[in-house]
>>> print(open('upload34.tsv').read())   # TSV, C-alpha atoms (C1' of nucleotides)
chain	number	residue	atom	x	y	z
W	1	MET	CA	22.12	-2.98	6.19
W	2	LEU	CA	21.91	-6.61	5.12
W	3	ASN	CA	23.80	-8.89	7.41
W	4	GLY	CA	21.79	-11.95	8.41
W	5	THR	CA	20.40	-15.15	6.92
W	6	ASN	CA	16.90	-16.47	7.41
W	7	ALA	CA	15.45	-19.97	7.59
W	8	SER	CA	14.80	-20.23	3.84
W	9	GLY	CA	18.34	-19.16	3.01
W	10	GLY	CA	17.33	-15.65	2.02
W	11	PRO	CA	18.87	-12.51	3.39
W	12	THR	CA	17.49	-11.02	6.57
W	13	ALA	CA	17.59	-7.27	6.85
W	14	GLN	CA	18.74	-5.74	10.09
W	15	LEU	CA	17.06	-2.41	10.59
W	16	ASP	CA	18.28	0.44	12.72
W	17	ASP	CA	16.11	3.17	14.21
W	18	LEU	CA	16.48	5.35	11.14
W	19	ASP	CA	15.26	2.58	8.85
W	20	ARG	CA	12.30	1.86	11.08
W	21	LYS	CA	11.32	5.51	11.25
W	22	LEU	CA	11.64	5.79	7.48
W	23	LEU	CA	9.37	2.77	6.96
W	24	GLU	CA	6.86	4.32	9.31
W	25	LEU	CA	6.83	7.63	7.44
W	26	LEU	CA	6.56	5.90	4.07
W	27	SER	CA	3.71	3.71	5.33
W	28	LYS	CA	1.78	6.85	6.14
W	29	ASN	CA	2.68	8.51	2.85
W	30	SER	CA	4.76	6.74	0.26
W	31	ARG	CA	4.67	9.77	-2.02
W	32	ARG	CA	6.37	12.16	0.34
W	33	THR	CA	9.38	13.79	-1.22
W	34	ASN	CA	12.79	12.56	-0.25
W	35	ASN	CA	13.66	16.05	0.95
W	36	SER	CA	10.74	16.13	3.31
W	37	LEU	CA	11.57	12.69	4.68
W	38	ALA	CA	15.19	13.68	5.15
W	39	GLU	CA	14.22	16.83	7.00
W	40	GLU	CA	11.95	14.99	9.45
W	41	LEU	CA	14.61	12.36	10.05
W	42	GLY	CA	17.26	15.01	10.57
W	43	ILE	CA	19.63	13.64	7.92
W	44	ALA	CA	20.91	14.81	4.55
W	45	ALA	CA	18.70	14.22	1.53
W	46	SER	CA	21.34	12.08	-0.12
W	47	THR	CA	21.63	9.89	2.98
W	48	CYS	CA	17.89	9.48	3.12
W	49	LEU	CA	17.79	8.49	-0.53
W	50	ALA	CA	20.50	5.90	0.05
W	51	ARG	CA	18.48	4.43	2.93
W	52	LEU	CA	15.30	4.39	0.91
W	53	ASN	CA	17.00	2.69	-2.04
W	54	ALA	CA	18.59	0.13	0.26
W	55	LEU	CA	15.20	-0.71	1.78
W	56	ARG	CA	13.76	-1.15	-1.70
W	57	ASP	CA	16.69	-3.12	-3.11
W	58	SER	CA	16.94	-5.46	-0.15
W	59	GLY	CA	13.25	-6.31	-0.52
W	60	VAL	CA	12.17	-4.90	2.83
W	61	ILE	CA	9.88	-2.63	0.83
W	62	SER	CA	8.31	-4.98	-1.69
W	63	ARG	CA	6.39	-2.21	-3.39
W	64	PHE	CA	5.18	1.35	-3.21
W	65	THR	CA	1.43	1.25	-3.66
W	66	ILE	CA	-1.89	2.90	-2.95
W	67	GLU	CA	-4.93	1.93	-0.92
W	68	VAL	CA	-8.13	2.35	-2.88
W	69	ASP	CA	-11.30	2.75	-0.82
W	70	PRO	CA	-13.86	0.34	-2.28
W	71	GLN	CA	-16.77	2.21	-0.66
W	72	VAL	CA	-16.08	5.41	-2.52
W	73	LEU	CA	-16.22	3.41	-5.74
W	74	GLY	CA	-19.62	1.97	-4.89
W	75	ARG	CA	-18.43	-1.34	-3.48
W	76	GLU	CA	-20.27	-1.00	-0.20
W	77	LEU	CA	-19.99	-4.60	0.94
W	78	GLU	CA	-16.89	-6.52	1.92
W	79	ALA	CA	-16.87	-10.22	2.72
W	80	LEU	CA	-14.55	-13.07	3.55
W	81	ILE	CA	-15.33	-16.26	1.67
W	82	PHE	CA	-13.92	-19.45	3.14
W	83	VAL	CA	-13.38	-22.12	0.52
W	84	ARG	CA	-12.70	-25.84	0.80
W	85	ILE	CA	-11.35	-27.70	-2.18
W	86	ARG	CA	-12.56	-31.23	-2.95
W	87	PRO	CA	-10.17	-33.94	-1.69
W	88	GLY	CA	-9.82	-35.25	-5.24
W	89	ALA	CA	-9.01	-31.82	-6.65
W	90	ARG	CA	-6.16	-30.71	-4.43
W	91	HIS	CA	-3.79	-30.63	-7.38
W	92	LEU	CA	-5.86	-27.81	-8.86
W	93	MET	CA	-5.33	-25.47	-5.94
W	94	ALA	CA	-2.51	-23.45	-7.50
W	95	ASN	CA	-4.60	-22.92	-10.65
W	96	PHE	CA	-7.59	-21.98	-8.57
W	97	ALA	CA	-5.58	-19.36	-6.73
W	98	THR	CA	-4.32	-17.62	-9.84
W	99	GLN	CA	-7.78	-17.69	-11.42
W	100	MET	CA	-9.45	-16.10	-8.40
W	101	ARG	CA	-6.84	-13.39	-7.95
W	102	ASP	CA	-7.82	-11.66	-11.17
W	103	LYS	CA	-11.59	-11.68	-10.68
W	104	PRO	CA	-13.11	-8.23	-10.28
W	105	GLY	CA	-13.81	-7.54	-6.62
W	106	VAL	CA	-11.12	-9.80	-5.22
W	107	ARG	CA	-8.82	-7.83	-2.93
W	108	GLN	CA	-6.83	-10.55	-1.24
W	109	LEU	CA	-6.41	-14.27	-1.34
W	110	PHE	CA	-5.01	-16.43	1.47
W	111	PHE	CA	-3.88	-19.97	0.78
W	112	LEU	CA	-4.26	-21.76	4.10
W	113	GLY	CA	-3.27	-24.90	5.94
W	114	GLY	CA	-6.09	-25.97	8.21
W	115	ALA	CA	-9.80	-26.56	7.99
W	116	ASP	CA	-10.32	-24.21	5.03
W	117	ASP	CA	-8.06	-24.13	2.00
W	118	PHE	CA	-8.60	-20.55	0.93
W	119	VAL	CA	-9.93	-17.30	2.22
W	120	LEU	CA	-11.02	-14.72	-0.33
W	121	HIS	CA	-11.44	-11.11	0.68
W	122	VAL	CA	-13.86	-9.48	-1.72
W	123	ALA	CA	-15.43	-6.03	-2.10
W	124	VAL	CA	-18.67	-5.83	-4.06
W	125	ARG	CA	-21.63	-3.50	-4.55
W	126	ASN	CA	-24.23	-5.36	-2.52
W	127	SER	CA	-25.34	-8.72	-1.18
W	128	SER	CA	-26.76	-9.68	-4.52
W	129	ASP	CA	-23.30	-9.28	-6.03
W	130	VAL	CA	-21.61	-11.44	-3.44
W	131	ARG	CA	-24.20	-14.15	-4.07
W	132	GLN	CA	-23.52	-13.88	-7.77
W	133	PHE	CA	-19.79	-13.99	-7.18
W	134	VAL	CA	-20.05	-17.23	-5.20
W	135	LEU	CA	-22.39	-18.84	-7.72
W	136	ASP	CA	-20.35	-17.89	-10.78
W	137	ASN	CA	-16.83	-18.33	-9.50
W	138	LEU	CA	-17.05	-20.89	-6.72
W	139	SER	CA	-20.13	-23.10	-6.76
W	140	ALA	CA	-19.73	-23.51	-10.50
W	141	ASN	CA	-16.14	-24.66	-10.05
W	142	PRO	CA	-15.92	-28.46	-9.81
W	143	ALA	CA	-12.80	-28.19	-7.65
W	144	VAL	CA	-14.73	-26.39	-4.91
W	145	ALA	CA	-16.30	-28.53	-2.21
W	146	THR	CA	-17.88	-25.92	0.08
W	147	THR	CA	-17.92	-22.19	0.69
W	148	GLN	CA	-18.88	-20.09	3.66
W	149	THR	CA	-19.35	-16.34	3.45
W	150	SER	CA	-18.99	-13.86	6.32
W	151	LEU	CA	-19.68	-10.17	6.13
W	152	VAL	CA	-16.85	-7.80	7.00
W	153	PHE	CA	-18.11	-5.10	9.35
W	154	GLU	CA	-14.76	-3.46	9.71
W	155	HIS	CA	-11.32	-3.94	8.24
W	156	SER	CA	-8.20	-2.26	9.56
W	157	HIS	CA	-4.48	-2.46	9.07
W	158	GLY	CA	-2.07	-3.15	11.86
W	159	THR	CA	-0.09	-0.27	13.25
W	160	GLY	CA	2.45	-2.49	14.98
W	161	GLU	CA	6.11	-1.63	14.53
W	162	PHE	CA	8.55	-3.31	12.17
H	1	MET	CA	-15.33	13.51	-11.10
H	2	LEU	CA	-17.70	13.21	-8.16
H	3	ASN	CA	-21.28	12.91	-9.21
H	4	GLY	CA	-23.10	10.10	-7.43
H	5	THR	CA	-24.37	9.23	-3.95
H	6	ASN	CA	-23.92	5.93	-2.21
H	7	ALA	CA	-26.07	3.97	0.23
H	8	SER	CA	-24.55	5.57	3.32
H	9	GLY	CA	-25.06	9.06	1.96
H	10	GLY	CA	-21.42	9.54	1.01
H	11	PRO	CA	-20.21	10.59	-2.39
H	12	THR	CA	-19.58	7.97	-5.03
H	13	ALA	CA	-16.77	8.66	-7.43
H	14	GLN	CA	-17.36	8.05	-11.09
H	15	LEU	CA	-14.11	7.09	-12.75
H	16	ASP	CA	-13.26	7.41	-16.41
H	17	ASP	CA	-10.67	5.37	-18.26
H	18	LEU	CA	-7.92	7.82	-17.43
H	19	ASP	CA	-8.64	7.60	-13.71
H	20	ARG	CA	-8.69	3.84	-13.81
H	21	LYS	CA	-5.41	3.64	-15.68
H	22	LEU	CA	-3.86	6.09	-13.24
H	23	LEU	CA	-4.98	3.99	-10.27
H	24	GLU	CA	-3.49	0.94	-11.91
H	25	LEU	CA	-0.13	2.62	-12.48
H	26	LEU	CA	-0.05	3.98	-8.95
H	27	SER	CA	-0.93	0.58	-7.51
H	28	LYS	CA	2.15	-0.83	-9.18
H	29	ASN	CA	4.34	2.08	-8.10
H	30	SER	CA	2.98	4.89	-6.01
H	31	ARG	CA	6.32	6.69	-6.09
H	32	ARG	CA	6.47	7.09	-9.84
H	33	THR	CA	7.00	10.67	-10.86
H	34	ASN	CA	4.05	12.65	-12.08
H	35	ASN	CA	5.92	13.33	-15.31
H	36	SER	CA	6.38	9.66	-15.98
H	37	LEU	CA	2.73	8.93	-15.24
H	38	ALA	CA	1.62	11.77	-17.51
H	39	GLU	CA	3.81	10.54	-20.33
H	40	GLU	CA	2.45	7.00	-20.16
H	41	LEU	CA	-1.11	8.31	-20.05
H	42	GLY	CA	-0.46	10.66	-22.95
H	43	ILE	CA	-1.58	13.79	-21.10
H	44	ALA	CA	0.12	16.93	-19.81
H	45	ALA	CA	1.88	16.76	-16.47
H	46	SER	CA	-0.39	19.41	-15.03
H	47	THR	CA	-3.48	17.45	-16.09
H	48	CYS	CA	-2.12	14.28	-14.58
H	49	LEU	CA	-1.43	16.08	-11.32
H	50	ALA	CA	-4.98	17.44	-11.25
H	51	ARG	CA	-6.35	13.90	-11.73
H	52	LEU	CA	-4.11	12.49	-9.06
H	53	ASN	CA	-5.08	15.19	-6.58
H	54	ALA	CA	-8.77	14.67	-7.36
H	55	LEU	CA	-8.45	10.94	-6.68
H	56	ARG	CA	-6.78	11.67	-3.38
H	57	ASP	CA	-9.16	14.44	-2.32
H	58	SER	CA	-12.30	12.48	-3.20
H	59	GLY	CA	-11.10	9.59	-1.06
H	60	VAL	CA	-10.76	7.08	-3.89
H	61	ILE	CA	-7.11	6.85	-2.91
H	62	SER	CA	-7.26	6.58	0.86
H	63	ARG	CA	-3.50	6.58	1.20
H	64	PHE	CA	-0.18	6.21	-0.54
H	65	THR	CA	1.67	3.47	1.27
H	66	ILE	CA	4.30	0.75	1.09
H	67	GLU	CA	4.18	-3.02	1.35
H	68	VAL	CA	6.76	-4.33	3.78
H	69	ASP	CA	7.81	-7.94	3.29
H	70	PRO	CA	7.66	-9.60	6.71
H	71	GLN	CA	9.90	-12.48	5.59
H	72	VAL	CA	12.83	-10.21	4.86
H	73	LEU	CA	12.52	-8.87	8.39
H	74	GLY	CA	12.66	-12.34	9.89
H	75	ARG	CA	8.93	-12.87	10.30
H	76	GLU	CA	8.84	-16.15	8.42
H	77	LEU	CA	5.41	-17.31	9.51
H	78	GLU	CA	2.03	-15.81	8.72
H	79	ALA	CA	-1.22	-16.99	10.21
H	80	LEU	CA	-4.90	-16.21	10.37
H	81	ILE	CA	-6.36	-16.40	13.84
H	82	PHE	CA	-10.12	-16.79	14.07
H	83	VAL	CA	-11.53	-15.39	17.28
H	84	ARG	CA	-14.92	-15.79	18.96
H	85	ILE	CA	-15.92	-13.40	21.70
H	86	ARG	CA	-17.86	-14.65	24.72
H	87	PRO	CA	-21.61	-14.03	24.44
H	88	GLY	CA	-21.49	-11.99	27.65
H	89	ALA	CA	-18.63	-9.83	26.41
H	90	ARG	CA	-19.95	-8.60	23.07
H	91	HIS	CA	-19.91	-5.03	24.30
H	92	LEU	CA	-16.12	-5.24	24.56
H	93	MET	CA	-15.61	-6.00	20.89
H	94	ALA	CA	-14.75	-2.46	19.82
H	95	ASN	CA	-12.15	-2.21	22.58
H	96	PHE	CA	-10.76	-5.58	21.67
H	97	ALA	CA	-10.32	-4.50	18.07
H	98	THR	CA	-8.37	-1.36	18.85
H	99	GLN	CA	-6.19	-3.21	21.36
H	100	MET	CA	-5.26	-5.93	18.88
H	101	ARG	CA	-4.52	-3.59	16.02
H	102	ASP	CA	-1.47	-2.15	17.73
H	103	LYS	CA	0.13	-5.42	18.83
H	104	PRO	CA	3.45	-6.15	17.15
H	105	GLY	CA	2.98	-8.66	14.34
H	106	VAL	CA	-0.64	-7.80	13.59
H	107	ARG	CA	-1.01	-6.88	9.94
H	108	GLN	CA	-4.76	-6.82	9.50
H	109	LEU	CA	-7.89	-7.18	11.54
H	110	PHE	CA	-11.30	-8.13	10.20
H	111	PHE	CA	-14.41	-7.56	12.30
H	112	LEU	CA	-16.91	-10.11	11.04
H	113	GLY	CA	-20.56	-11.01	11.14
H	114	GLY	CA	-20.94	-14.77	11.16
H	115	ALA	CA	-19.55	-17.72	13.05
H	116	ASP	CA	-16.33	-15.97	14.05
H	117	ASP	CA	-16.20	-12.43	15.37
H	118	PHE	CA	-12.68	-11.50	14.31
H	119	VAL	CA	-9.95	-12.63	12.01
H	120	LEU	CA	-6.43	-11.52	12.80
H	121	HIS	CA	-3.74	-11.70	10.16
H	122	VAL	CA	-0.38	-11.91	11.90
H	123	ALA	CA	3.25	-12.24	10.81
H	124	VAL	CA	5.68	-13.63	13.36
H	125	ARG	CA	9.12	-15.23	13.54
H	126	ASN	CA	8.13	-18.83	14.08
H	127	SER	CA	5.48	-21.17	15.43
H	128	SER	CA	6.63	-20.59	18.96
H	129	ASP	CA	5.88	-16.89	18.52
H	130	VAL	CA	2.37	-17.48	17.21
H	131	ARG	CA	1.68	-19.72	20.19
H	132	GLN	CA	2.97	-17.02	22.50
H	133	PHE	CA	0.88	-14.42	20.71
H	134	VAL	CA	-2.30	-16.42	21.21
H	135	LEU	CA	-1.54	-17.17	24.84
H	136	ASP	CA	-0.61	-13.62	25.77
H	137	ASN	CA	-3.11	-11.64	23.76
H	138	LEU	CA	-6.09	-13.92	23.27
H	139	SER	CA	-6.36	-16.82	25.71
H	140	ALA	CA	-5.48	-14.45	28.53
H	141	ASN	CA	-8.28	-12.09	27.51
H	142	PRO	CA	-11.51	-12.83	29.42
H	143	ALA	CA	-13.59	-11.52	26.51
H	144	VAL	CA	-12.25	-14.24	24.21
H	145	ALA	CA	-14.22	-17.49	24.04
H	146	THR	CA	-12.25	-19.50	21.49
H	147	THR	CA	-9.48	-19.12	18.93
H	148	GLN	CA	-8.47	-21.14	15.92
H	149	THR	CA	-5.18	-20.62	14.11
H	150	SER	CA	-4.47	-21.48	10.47
H	151	LEU	CA	-1.11	-21.17	8.77
H	152	VAL	CA	-0.92	-18.93	5.71
H	153	PHE	CA	0.94	-20.72	2.94
H	154	GLU	CA	0.50	-17.92	0.46
H	155	HIS	CA	-0.96	-14.45	0.51
H	156	SER	CA	-1.59	-12.39	-2.59
H	157	HIS	CA	-3.33	-9.19	-3.52
H	158	GLY	CA	-6.09	-9.02	-6.07
H	159	THR	CA	-5.27	-7.65	-9.47
H	160	GLY	CA	-8.90	-7.08	-10.42
H	161	GLU	CA	-9.79	-3.76	-11.98
H	162	PHE	CA	-11.38	-0.79	-10.22
Y	1	DA	C1'	-11.03	19.84	-17.86
Y	2	DT	C1'	-6.68	20.61	-20.26
Y	3	DT	C1'	-2.74	22.93	-21.61
Y	4	DG	C1'	2.29	25.13	-21.96
Y	5	DA	C1'	5.40	28.06	-19.79
Y	6	DA	C1'	7.73	29.72	-15.73
Y	7	DA	C1'	9.22	29.72	-11.02
Y	8	DT	C1'	10.03	26.73	-7.27
Y	9	DT	C1'	11.45	22.58	-5.46
Y	10	DG	C1'	13.34	17.94	-5.53
Y	11	DT	C1'	16.56	14.19	-7.19
Y	12	DG	C1'	20.64	11.85	-7.72
Y	13	DT	C1'	25.71	11.95	-8.57
Y	14	DG	C1'	30.56	12.74	-7.32
Y	15	DG	C1'	33.99	13.97	-4.35
Y	16	DA	C1'	35.56	14.65	0.47
Y	17	DC	C1'	35.36	13.42	5.46
V	1	DG	C1'	27.89	5.54	6.30
V	2	DT	C1'	27.20	10.54	5.96
V	3	DC	C1'	27.56	14.87	4.05
V	4	DC	C1'	27.64	19.02	0.80
V	5	DA	C1'	27.42	21.07	-3.68
V	6	DC	C1'	25.92	21.02	-8.17
V	7	DA	C1'	23.73	19.80	-12.57
V	8	DC	C1'	19.66	17.98	-13.99
V	9	DA	C1'	14.82	16.80	-13.56
V	10	DA	C1'	10.24	17.13	-11.60
V	11	DT	C1'	6.57	19.67	-9.37
V	12	DT	C1'	3.21	22.97	-9.09
V	13	DT	C1'	1.07	27.33	-10.15
V	14	DC	C1'	-1.34	30.13	-13.38
V	15	DA	C1'	-3.23	32.50	-17.25
V	16	DA	C1'	-5.38	31.10	-21.39
V	17	DT	C1'	-8.43	28.07	-24.03
>>> encode(input="upload34.tsv", output="structure tokens")
Amino acid sequence: MLNGTNASGGPTAQLDDLDRKLLELLSKNSRRTNNSLAEELGIAASTCLARLNALRDSGVISRFTIEVDPQVLGRELEALIFVRIRPGARHLMANFATQMRDKPGVRQLFFLGGADDFVLHVAVRNSSDVRQFVLDNLSANPAVATTQTSLVFEHSHGTGEF
Amino acid sequence: MLNGTNASGGPTAQLDDLDRKLLELLSKNSRRTNNSLAEELGIAASTCLARLNALRDSGVISRFTIEVDPQVLGRELEALIFVRIRPGARHLMANFATQMRDKPGVRQLFFLGGADDFVLHVAVRNSSDVRQFVLDNLSANPAVATTQTSLVFEHSHGTGEF
DNA sequence: ATTGAAATTGTGTGGAC
DNA sequence: GTCCACACAATTTCAAT
């Protein structure tokens, strides 16, 4: 299943229709039993397991995980926070990233090239919490030049094929 | 496990330490066996299963899924595309969102309140593909006023607690 | 809610095509 | 690469606490 080479020298996986269908089924439910997957794909359970393991081992599947709904846990408000680092503090960007990743409420962090240096995707209880988050974690940080916060009205995941 | 009410009238789940630990373990590996989870939590398998089912049924876990590494599949370049909709075309925003979500390469879509109306997170093969994506799907769309594309150097998921 | 025990179901290996 | 068969392991139900 691995037979190419990508730009950074790493392996590039070549998927066939079975692999793609398996990824699709696992995206919808990563906890489905191997037997059930095999049955829907019309292949033997052992074959399905071999495919699944190959997808994991080759790194196509980087992890099996869950999506937690922040709303159900009382985090009613999501926001994107655009952050610019001070020109004199660019060397602190890697540190900044790792610090922010572990803060409660942070769901994703993008390290960008362009006008803004970072985008933080956060989920918090209310607007007071997002204000507090920015004050405590960003404005207070001497490496941060400016921030701009936008409310997230809706967030969805792509359904495009692999 | 469900005993609150949130702002939009929906139920708010109240988690205990066991629930939180379970979510953490499942985030790291949603395919771990129930037995293994139960053992690490120090509870009976049947208890662990009841907790897991409760988290799913209450909507705390919205789905069990996989993370697919776009790089391994030859999509070496990720970008955020910031989109503004024309003032006269605001009524088309919902349509626009559902159209974009299914395009190949689209991983996430944020519907924002603020300067930009949408942020698209895309993963494509190379810079030529991102250019093509913008031309075909955005510039060509009469509802779109402007776009701005930023390269994603790094993308990580928050590790903050629940 | 949590448990242990029991019946059902799934997993993963080895050998053959 | 795919399959079947088999030994082992995990899941899930249920009565009891």
>>> interface_residues(input="upload34.tsv", of="chain Y", to="chain W", cutoff="10 Å", atoms="only C-alpha atoms (C1' of nucleotides)", output="count of residues only")
5
>>> calpha_fit_and_write(input="upload34.tsv", fixed="chain H", moving="chain W", output="short mmCIF file (atom, residue, chain, number, x, y, z; two decimals) with C-alpha atoms, in the coordinates of the input")
data_model
loop_
_atom_site.label_atom_id
_atom_site.label_comp_id
_atom_site.auth_asym_id
_atom_site.auth_seq_id
_atom_site.Cartn_x
_atom_site.Cartn_y
_atom_site.Cartn_z
CA MET W 1 -15.26 13.44 -11.22
CA LEU W 2 -17.64 13.16 -8.28
CA ASN W 3 -21.21 12.90 -9.35
CA GLY W 4 -23.08 10.12 -7.56
CA THR W 5 -24.39 9.23 -4.12
CA ASN W 6 -23.97 5.90 -2.39
CA ALA W 7 -26.14 3.95 0.04
CA SER W 8 -24.61 5.52 3.16
CA GLY W 9 -25.12 9.03 1.80
CA GLY W 10 -21.47 9.49 0.89
CA PRO W 11 -20.23 10.56 -2.49
CA THR W 12 -19.60 7.94 -5.13
CA ALA W 13 -16.78 8.60 -7.52
CA GLN W 14 -17.34 7.97 -11.19
CA LEU W 15 -14.09 7.01 -12.82
CA ASP W 16 -13.21 7.33 -16.47
CA ASP W 17 -10.58 5.29 -18.29
CA LEU W 18 -7.86 7.78 -17.46
CA ASP W 19 -8.61 7.57 -13.74
CA ARG W 20 -8.63 3.79 -13.83
CA LYS W 21 -5.33 3.64 -15.67
CA LEU W 22 -3.83 6.11 -13.22
CA LEU W 23 -4.95 4.00 -10.25
CA GLU W 24 -3.43 0.97 -11.89
CA LEU W 25 -0.07 2.67 -12.42
CA LEU W 26 -0.04 4.04 -8.88
CA SER W 27 -0.91 0.62 -7.46
CA LYS W 28 2.19 -0.76 -9.12
CA ASN W 29 4.34 2.17 -8.02
CA SER W 30 2.93 4.96 -5.91
CA ARG W 31 6.25 6.79 -5.96
CA ARG W 32 6.45 7.27 -9.69
CA THR W 33 6.91 10.88 -10.63
CA ASN W 34 3.95 12.80 -11.92
CA ASN W 35 5.86 13.50 -15.12
CA SER W 36 6.40 9.84 -15.78
CA LEU W 37 2.76 9.03 -15.11
CA ALA W 38 1.65 11.84 -17.40
CA GLU W 39 3.91 10.64 -20.18
CA GLU W 40 2.59 7.06 -20.04
CA LEU W 41 -0.99 8.31 -19.98
CA GLY W 42 -0.33 10.65 -22.88
CA ILE W 43 -1.54 13.78 -21.07
CA ALA W 44 0.07 16.96 -19.77
CA ALA W 45 1.80 16.81 -16.41
CA SER W 46 -0.52 19.43 -14.98
CA THR W 47 -3.58 17.45 -16.08
CA CYS W 48 -2.19 14.31 -14.53
CA LEU W 49 -1.54 16.12 -11.28
CA ALA W 50 -5.10 17.43 -11.24
CA ARG W 51 -6.41 13.88 -11.72
CA LEU W 52 -4.17 12.50 -9.03
CA ASN W 53 -5.20 15.20 -6.55
CA ALA W 54 -8.86 14.64 -7.36
CA LEU W 55 -8.50 10.91 -6.70
CA ARG W 56 -6.85 11.67 -3.37
CA ASP W 57 -9.26 14.41 -2.33
CA SER W 58 -12.36 12.45 -3.23
CA GLY W 59 -11.15 9.56 -1.08
CA VAL W 60 -10.80 7.06 -3.91
CA ILE W 61 -7.15 6.84 -2.89
CA SER W 62 -7.32 6.56 0.88
CA ARG W 63 -3.56 6.56 1.26
CA PHE W 64 -0.23 6.20 -0.46
CA THR W 65 1.64 3.46 1.35
CA ILE W 66 4.25 0.74 1.14
CA GLU W 67 4.14 -3.03 1.38
CA VAL W 68 6.74 -4.37 3.77
CA ASP W 69 7.77 -8.00 3.25
CA PRO W 70 7.62 -9.68 6.66
CA GLN W 71 9.87 -12.55 5.51
CA VAL W 72 12.79 -10.29 4.76
CA LEU W 73 12.49 -8.96 8.30
CA GLY W 74 12.63 -12.44 9.80
CA ARG W 75 8.90 -12.96 10.22
CA GLU W 76 8.80 -16.23 8.34
CA LEU W 77 5.37 -17.38 9.47
CA GLU W 78 2.00 -15.86 8.69
CA ALA W 79 -1.25 -17.04 10.22
CA LEU W 80 -4.93 -16.23 10.38
CA ILE W 81 -6.38 -16.41 13.87
CA PHE W 82 -10.14 -16.77 14.10
CA VAL W 83 -11.52 -15.37 17.33
CA ARG W 84 -14.90 -15.73 19.00
CA ILE W 85 -15.88 -13.32 21.72
CA ARG W 86 -17.82 -14.55 24.76
CA PRO W 87 -21.59 -13.91 24.49
CA GLY W 88 -21.44 -11.86 27.69
CA ALA W 89 -18.56 -9.72 26.44
CA ARG W 90 -19.87 -8.51 23.11
CA HIS W 91 -19.81 -4.92 24.31
CA LEU W 92 -16.02 -5.15 24.55
CA MET W 93 -15.53 -5.94 20.89
CA ALA W 94 -14.66 -2.40 19.80
CA ASN W 95 -12.05 -2.15 22.57
CA PHE W 96 -10.68 -5.53 21.65
CA ALA W 97 -10.25 -4.47 18.05
CA THR W 98 -8.28 -1.34 18.84
CA GLN W 99 -6.10 -3.20 21.33
CA MET W 100 -5.20 -5.94 18.86
CA ARG W 101 -4.45 -3.58 15.99
CA ASP W 102 -1.38 -2.17 17.71
CA LYS W 103 0.20 -5.46 18.79
CA PRO W 104 3.50 -6.21 17.10
CA GLY W 105 2.99 -8.72 14.31
CA VAL W 106 -0.61 -7.83 13.57
CA ARG W 107 -1.01 -6.92 9.91
CA GLN W 108 -4.75 -6.85 9.49
CA LEU W 109 -7.87 -7.20 11.53
CA PHE W 110 -11.32 -8.12 10.20
CA PHE W 111 -14.40 -7.53 12.30
CA LEU W 112 -16.91 -10.09 11.06
CA GLY W 113 -20.57 -10.98 11.15
CA GLY W 114 -20.95 -14.74 11.19
CA ALA W 115 -19.58 -17.68 13.09
CA ASP W 116 -16.34 -15.93 14.09
CA ASP W 117 -16.19 -12.39 15.39
CA PHE W 118 -12.69 -11.49 14.32
CA VAL W 119 -9.97 -12.64 12.02
CA LEU W 120 -6.43 -11.53 12.80
CA HIS W 121 -3.75 -11.73 10.16
CA VAL W 122 -0.39 -11.95 11.88
CA ALA W 123 3.23 -12.30 10.78
CA VAL W 124 5.67 -13.71 13.31
CA ARG W 125 9.11 -15.32 13.45
CA ASN W 126 8.09 -18.92 14.03
CA SER W 127 5.43 -21.24 15.40
CA SER W 128 6.61 -20.65 18.92
CA ASP W 129 5.87 -16.96 18.48
CA VAL W 130 2.37 -17.52 17.19
CA ARG W 131 1.68 -19.76 20.19
CA GLN W 132 2.98 -17.05 22.46
CA PHE W 133 0.91 -14.44 20.68
CA VAL W 134 -2.30 -16.43 21.20
CA LEU W 135 -1.51 -17.17 24.84
CA ASP W 136 -0.56 -13.61 25.75
CA ASN W 137 -3.06 -11.63 23.74
CA LEU W 138 -6.05 -13.90 23.27
CA SER W 139 -6.33 -16.77 25.73
CA ALA W 140 -5.42 -14.39 28.53
CA ASN W 141 -8.20 -12.02 27.50
CA PRO W 142 -11.42 -12.74 29.43
CA ALA W 143 -13.50 -11.44 26.52
CA VAL W 144 -12.20 -14.19 24.23
CA ALA W 145 -14.19 -17.41 24.09
CA THR W 146 -12.24 -19.46 21.53
CA THR W 147 -9.49 -19.09 18.96
CA GLN W 148 -8.50 -21.14 15.96
CA THR W 149 -5.22 -20.65 14.14
CA SER W 150 -4.51 -21.51 10.50
CA LEU W 151 -1.18 -21.21 8.78
CA VAL W 152 -0.97 -18.99 5.72
CA PHE W 153 0.88 -20.80 2.94
CA GLU W 154 0.46 -18.01 0.47
CA HIS W 155 -0.99 -14.53 0.51
CA SER W 156 -1.63 -12.47 -2.59
CA HIS W 157 -3.36 -9.27 -3.53
CA GLY W 158 -6.11 -9.08 -6.08
CA THR W 159 -5.29 -7.73 -9.49
CA GLY W 160 -8.91 -7.14 -10.43
CA GLU W 161 -9.79 -3.80 -11.99
CA PHE W 162 -11.38 -0.85 -10.23
#
>>> closest_atom_pairs(input="upload34.tsv", of="chain W", to="chain V", cutoff="9 Å", atoms="all atoms listed in the file", output="tab-separated table")
residue	atom	partner	partner_atom	distance
W:Ile43	CA	V:DT2	C1'	8.4
W:Ala44	CA	V:DC3	C1'	6.7
W:Ser46	CA	V:DC3	C1'	8.0
W:Thr47	CA	V:DT2	C1'	6.4
>>> interface_residues(input="upload34.tsv", of="chain W", to="chain H", cutoff="7 Å", atoms="all atoms listed in the file", output="PyMOL selection string")
chain W and resi 6+11-13+26-31+59-69+72-74+101-114+150-161
>>> atom_distance(input="upload34.tsv", atom1="atom CA of Val124 of chain H", atom2="atom CA of Leu22 of chain W")
21.1 Å
>>> closest_residue(input="upload34.tsv", among="H:Cys48, H:Leu37, H:Ala123, H:Leu138", to="DT3 of chain Y", atoms="all atoms listed in the file")
H:Cys48
